[in-house]
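Reproduced below: final_14.cif, with mmCIF, C-alpha atoms.
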```
data_start
loop_
_atom_site.label_atom_id
_atom_site.label_comp_id
_atom_site.auth_asym_id
_atom_site.auth_seq_id
_atom_site.Cartn_x
_atom_site.Cartn_y
_atom_site.Cartn_z
CA MET A 12 216.73 84.66 2.90
CA VAL A 13 214.31 84.08 5.78
CA PHE A 14 211.23 85.57 7.39
CA LEU A 15 211.58 86.38 11.10
CA ARG A 16 209.10 87.48 13.73
CA SER A 17 211.00 90.67 14.72
CA GLU A 18 214.39 92.36 15.21
CA GLU A 19 214.70 90.60 18.57
CA HIS A 20 214.31 87.21 16.89
CA LEU A 21 216.82 88.22 14.22
CA GLU A 22 219.46 89.17 16.80
CA ARG A 23 218.97 85.89 18.71
CA TRP A 24 219.17 83.87 15.48
CA LEU A 25 222.39 85.58 14.37
CA ASP A 26 223.95 85.15 17.83
CA ALA A 27 222.98 81.50 18.04
CA ASN A 28 224.68 80.77 14.72
CA GLY A 29 227.64 83.13 15.11
CA TRP A 30 226.71 84.95 11.89
CA GLU A 31 227.38 88.55 11.02
CA PRO A 32 224.28 90.55 10.06
CA GLY A 33 223.52 90.91 6.35
CA ALA A 34 220.64 93.11 5.26
CA SER A 35 217.06 93.41 6.50
CA LEU A 36 213.96 94.55 4.67
CA THR A 37 210.25 94.51 5.29
CA ALA A 38 208.06 91.71 3.99
CA THR A 39 206.12 94.33 2.04
CA LYS A 40 209.27 95.43 0.23
CA LEU A 41 210.24 91.83 -0.45
CA ASN A 42 206.82 91.19 -1.98
CA GLU A 43 207.35 94.12 -4.32
CA LEU A 44 210.80 92.84 -5.24
CA ALA A 45 209.76 89.20 -5.64
CA ARG A 46 206.85 90.08 -7.88
CA ARG A 47 209.03 92.03 -10.28
CA TRP A 48 212.00 89.66 -10.09
CA TRP A 49 210.10 86.47 -10.86
CA TRP A 50 207.19 87.74 -12.97
CA SER A 51 208.51 86.50 -16.34
CA ARG A 52 210.09 83.28 -15.11
CA LEU A 53 207.39 80.99 -16.55
CA ASP A 54 206.97 82.85 -19.82
CA PRO A 55 207.51 80.54 -22.83
CA ASP A 56 209.77 83.15 -24.43
CA TRP A 57 211.86 83.68 -21.28
CA ARG A 58 215.46 84.72 -21.86
CA PRO A 59 218.15 85.34 -19.25
CA ARG A 60 217.83 88.84 -17.86
CA PRO A 61 220.93 91.00 -18.35
CA PRO A 62 222.62 91.75 -15.00
CA ALA A 63 222.09 95.48 -15.51
CA GLU A 64 218.32 94.93 -15.64
CA SER A 65 218.43 92.88 -12.45
CA GLN A 66 220.44 95.63 -10.78
CA GLN A 67 217.88 98.17 -11.96
CA ILE A 68 215.08 96.22 -10.27
CA LEU A 69 216.98 96.27 -6.98
CA ASP A 70 217.69 99.97 -7.39
CA ASP A 71 214.04 100.73 -8.22
CA ILE A 72 212.91 98.96 -5.05
CA GLY A 73 215.38 101.04 -3.06
CA LEU A 74 217.84 98.24 -2.37
CA THR A 75 221.00 100.20 -2.99
CA GLY A 76 224.48 100.29 -1.53
CA ALA A 77 227.39 97.86 -1.64
CA PHE A 78 225.43 94.93 -0.18
CA TRP A 79 222.99 94.94 -3.10
CA GLN A 80 225.53 95.27 -5.91
CA LEU A 81 225.36 92.15 -8.09
CA ALA A 82 228.90 92.60 -9.43
CA MET B 19 222.86 78.68 -23.36
CA ASP B 20 221.54 78.03 -26.87
CA ASP B 21 218.05 77.65 -28.34
CA LEU B 22 217.92 73.96 -27.46
CA ASP B 23 218.80 74.75 -23.84
CA LEU B 24 216.03 77.36 -23.72
CA ARG B 25 213.55 74.92 -25.26
CA ILE B 26 214.44 72.31 -22.65
CA ARG B 27 214.23 74.88 -19.86
CA THR B 28 210.78 76.03 -20.98
CA HIS B 29 209.65 72.41 -21.09
CA LEU B 30 211.01 71.76 -17.60
CA TYR B 31 209.20 74.72 -16.06
CA ALA B 32 205.93 73.92 -17.85
CA SER B 33 206.03 70.26 -16.87
CA PHE B 34 206.91 71.15 -13.27
CA VAL B 35 203.92 73.48 -12.98
CA ARG B 36 201.70 70.87 -14.65
CA ASP B 37 202.93 67.81 -12.73
CA GLY B 38 204.42 69.23 -9.53
CA ALA B 39 207.64 67.30 -10.13
CA ALA B 40 210.85 67.99 -12.01
CA GLN B 41 211.62 65.73 -14.95
CA THR B 42 214.74 63.63 -15.12
CA PRO B 43 216.89 63.98 -18.26
CA GLU B 44 215.47 60.64 -19.38
CA ALA B 45 211.87 61.84 -19.07
CA ALA B 46 212.59 65.20 -20.69
CA ALA B 47 214.46 63.50 -23.54
CA ALA B 48 211.51 61.20 -24.17
CA ALA B 49 209.02 64.06 -24.04
CA LEU B 50 211.02 66.20 -26.45
CA GLY B 51 212.28 63.44 -28.76
CA LEU B 52 215.94 64.10 -27.94
CA GLU B 53 218.95 61.99 -27.01
CA GLU B 54 219.23 61.69 -23.23
CA GLU B 55 222.93 62.61 -23.33
CA ARG B 56 222.15 65.88 -25.10
CA VAL B 57 219.55 66.69 -22.49
CA GLN B 58 221.97 65.93 -19.65
CA GLU B 59 224.49 68.32 -21.21
CA ALA B 60 221.77 70.98 -21.50
CA TYR B 61 220.86 70.52 -17.82
CA ARG B 62 224.50 71.20 -16.88
CA ARG B 63 224.70 74.30 -19.10
CA LEU B 64 221.43 75.62 -17.65
CA HIS B 65 222.82 75.04 -14.15
CA ASP B 66 226.06 76.87 -15.03
CA ALA B 67 223.99 79.77 -16.42
CA HIS B 68 221.89 79.89 -13.20
CA ALA B 69 218.73 79.09 -15.20
CA LEU B 70 218.07 76.18 -12.84
CA VAL B 71 219.96 74.48 -10.01
CA LEU B 72 221.02 70.83 -9.93
CA HIS B 73 221.78 68.81 -6.85
CA PRO B 74 225.57 68.78 -6.42
CA GLY B 75 227.31 66.25 -8.66
CA SER B 76 224.16 65.12 -10.41
CA THR B 77 221.64 65.97 -13.13
CA GLU B 78 218.75 65.85 -10.65
CA ILE B 79 216.96 69.21 -10.51
CA TRP B 80 216.95 70.92 -7.10
CA MET B 81 215.58 74.38 -7.92
CA LEU B 82 213.51 75.76 -10.74
CA ASN B 83 213.60 79.17 -9.12
CA PRO B 84 211.43 80.38 -7.55
CA PHE B 85 210.19 76.80 -7.06
CA SER B 86 212.00 74.20 -5.00
CA THR B 87 211.64 70.58 -6.05
CA VAL B 88 212.25 69.48 -2.46
CA GLU B 89 210.51 70.31 0.80
CA THR B 90 211.60 73.57 2.44
CA PRO B 91 210.31 75.67 5.38
CA HIS B 92 208.64 78.03 2.86
CA ARG B 93 205.26 76.61 1.88
CA VAL B 94 203.16 78.35 -0.76
CA GLU B 95 199.56 78.03 -1.93
CA ALA B 96 199.07 79.63 -5.32
CA GLY B 97 197.14 78.81 -8.46
CA GLY B 98 195.11 76.26 -6.54
CA ARG B 99 198.20 74.18 -5.77
CA SER B 100 200.88 73.77 -3.12
CA TRP B 101 204.53 74.55 -3.73
CA TYR B 102 207.79 75.06 -1.89
CA GLY B 103 209.87 78.20 -2.35
CA ASN B 104 213.64 78.01 -1.97
CA CYS B 105 213.66 80.96 0.44
CA ALA B 106 211.50 83.88 1.56
CA TRP B 107 212.18 85.76 -1.68
CA ASP B 108 211.25 82.82 -3.87
CA ALA B 109 208.17 81.98 -1.80
CA LEU B 110 206.75 85.46 -2.37
CA GLY B 111 207.77 85.20 -6.03
CA ILE B 112 205.67 82.13 -6.80
CA PRO B 113 202.25 83.90 -6.97
CA GLY B 114 203.77 86.49 -9.29
CA ALA B 115 205.58 83.94 -11.45
CA MET B 116 202.22 82.22 -11.95
CA HIS B 117 200.75 85.60 -12.89
CA GLY B 118 198.25 85.22 -10.13
CA ASP B 119 197.13 87.99 -7.85
CA ALA B 120 196.84 85.83 -4.77
CA GLY B 121 198.85 83.43 -2.69
CA ARG B 122 199.36 82.26 0.86
CA ILE B 123 202.75 81.56 2.38
CA GLU B 124 203.59 79.71 5.56
CA SER B 125 207.08 79.73 6.94
CA ASP B 126 208.77 79.17 10.29
CA CYS B 127 210.73 81.77 12.22
CA PRO B 128 214.26 80.28 12.29
CA ASP B 129 214.74 81.66 15.81
CA CYS B 130 211.67 80.41 17.65
CA GLY B 131 210.06 78.02 15.15
CA GLU B 132 206.78 79.91 15.34
CA LEU B 133 204.51 79.66 12.30
CA LEU B 134 204.58 82.80 10.18
CA GLU B 135 201.73 83.45 7.77
CA LEU B 136 201.63 85.80 4.82
CA GLU B 137 198.99 86.45 2.22
CA VAL B 138 199.13 88.24 -1.10
CA ARG B 139 195.94 89.60 -2.63
CA GLY B 140 195.73 91.79 -5.70
CA GLY B 141 199.52 91.57 -5.82
CA GLU B 142 199.76 93.32 -2.43
CA LEU B 143 200.88 91.82 0.84
CA VAL B 144 197.76 91.90 3.01
CA ARG B 145 198.96 89.64 5.82
CA GLY B 146 202.41 89.34 7.37
CA ALA B 147 203.48 92.89 6.58
CA GLU B 148 204.86 93.20 10.12
CA LEU B 149 207.38 90.44 9.50
CA LEU B 150 211.06 91.05 8.97
CA VAL B 151 213.13 89.57 6.15
CA HIS B 152 216.86 89.02 6.43
CA ILE B 153 219.49 88.00 3.92
CA LEU B 154 222.96 87.11 5.13
CA VAL B 155 224.87 87.01 1.86
CA PRO B 156 225.79 90.13 -0.18
CA ALA B 157 224.41 90.14 -3.73
CA ARG B 158 227.73 89.58 -5.46
CA HIS B 159 228.13 86.29 -3.58
CA TRP B 160 224.58 84.90 -3.96
CA TRP B 161 225.64 82.25 -6.43
CA ASP B 162 228.78 81.17 -4.55
CA ASP B 163 226.55 78.78 -2.56
CA ILE B 164 222.96 79.28 -3.67
CA GLY B 165 221.70 76.65 -1.23
CA PHE B 166 222.99 78.72 1.71
CA THR B 167 221.90 82.00 0.18
#
```
Let me see the structure of the file written as structure tokens.
Amino acid sequence: MVFLRSEEHLERWLDANGWEPGASLTATKLNELARRWWWSRLDPDWRPRPPAESQQILDDIGLTGAFWQLA
Amino acid sequence: MDDLDLRIRTHLYASFVRDGAAQTPEAAAAALGLEEERVQEAYRRLHDAHALVLHPGSTEIWMLNPFSTVETPHRVEAGGRSWYGNCAWDALGIPGAMHGDAGRIESDCPDCGELLELEVRGGELVRGAELLVHILVPARHWWDDIGFT
């Protein structure tokens, strides 16, 4: 997952590498996602998060649809 | 992943944040008073459970997500220290993982190489909000090749 300057830069980057587009989101949305996703990672009592909870985080952020389905 | 694996994992994260470097199985075994072989086995189980990522074919730690143990294009200042995130997602996750409200991220646009700067304050993105984020790999395939993802 990468940050890019704009849609124009994204299209050039995909073309240059011959890659099909995946999914785009705003940096603001990613910040919201990243904060929730990683918040407990350093907690001493950390336990693996059940996949359903991870999926719920994506859903809550509005990242829905086939691309964002974990399984 | 059993209780010993979780104990080792907690130690690895804490020591990485303290020292800025990932411990080898030998160092972790010495710190925890365990046999090195048992620690190596735990590293492999933690890797298989996606609780950390090892360099291919070794017990050398590559990722303690969201932290990278090696240099990447995603540089983070948080908690008064410098870190590398594995990707855009991880870079923005480091301030939160450290339960801090602030962080600065520098990355490079993979198209033009231009420096991209982001800043988080009060948990909100206050700089770099105009930037775009792109992920190539669908969620169900993220762990097929986590380095590429």
Within 6 Å of chain A: residues of chain B, using all atoms listed in the file, as a VMD selection string: chain B and resid 28 105 to 107 110 to 111 114 to 115 127 129 143 147 149 to 154 156 to 158
Residue with smallest distance to Ala69 (chain B) - pool B:Val57, B:Leu50, B:Leu82, B:Ala45, counting only C-alpha atoms: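 Of B:Val57, B:Leu50, B:Leu82, B:Ala45, the one nearest Ala69 (chain B), counting only C-alpha atoms, is B:Leu82.
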Point-to-point distance in Å for CA of Leu30 (chain B) and CA of Trp101 (chain B):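 Value for the CA of Trp101 (chain B)-CA of Leu30 (chain B) distance: 15.6 Å.
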Distance of CA of Arg25 (chain B) from CA of Gly51 (chain B), expressed in Å to one decimal place: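 Between CA of Gly51 (chain B) and CA of Arg25 (chain B) the gap is 12.1 Å.
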CA of Ala40 (chain B) to CA of Leu64 (chain B), distance in Å rounded to a single decimal: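 These two atoms are separated by 14.2 Å.
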Residues in the PyMOL selection byres ((chain B and resi 52-56) around 12), expressed as a count of residues only: 23
Contacts of Val71 (chain B) within 6 Å, all atoms listed in the file, excl. fewer than 3 positions in-chain, as a PyMOL selection string: chain B and resi 65+80-81
Prev. selection, C-alpha atoms, output as an mmCIF file, in the coordinates of the input:
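Final file, result_19.cif:
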```
data_model
loop_
_atom_site.group_PDB
_atom_site.id
_atom_site.type_symbol
_atom_site.label_atom_id
_atom_site.label_comp_id
_atom_site.auth_asym_id
_atom_site.auth_seq_id
_atom_site.Cartn_x
_atom_site.Cartn_y
_atom_site.Cartn_z
ATOM 1 C CA HIS B 65 222.820 75.040 -14.150
ATOM 2 C CA TRP B 80 216.950 70.920 -7.100
ATOM 3 C CA MET B 81 215.580 74.380 -7.920
#
```
Around all the atoms of region 154-160 of chain B listed in the file, draw an axis-aligned box and extend it by 5 Å on each of the six sides; I want its centre and edge lengths in Å to one decimal, as AutoDock Vina command-line options.
```
--center_x 225.5 --center_y 87.5 --center_z -0.2 --size_x 15.2 --size_y 15.2 --size_z 20.6
```
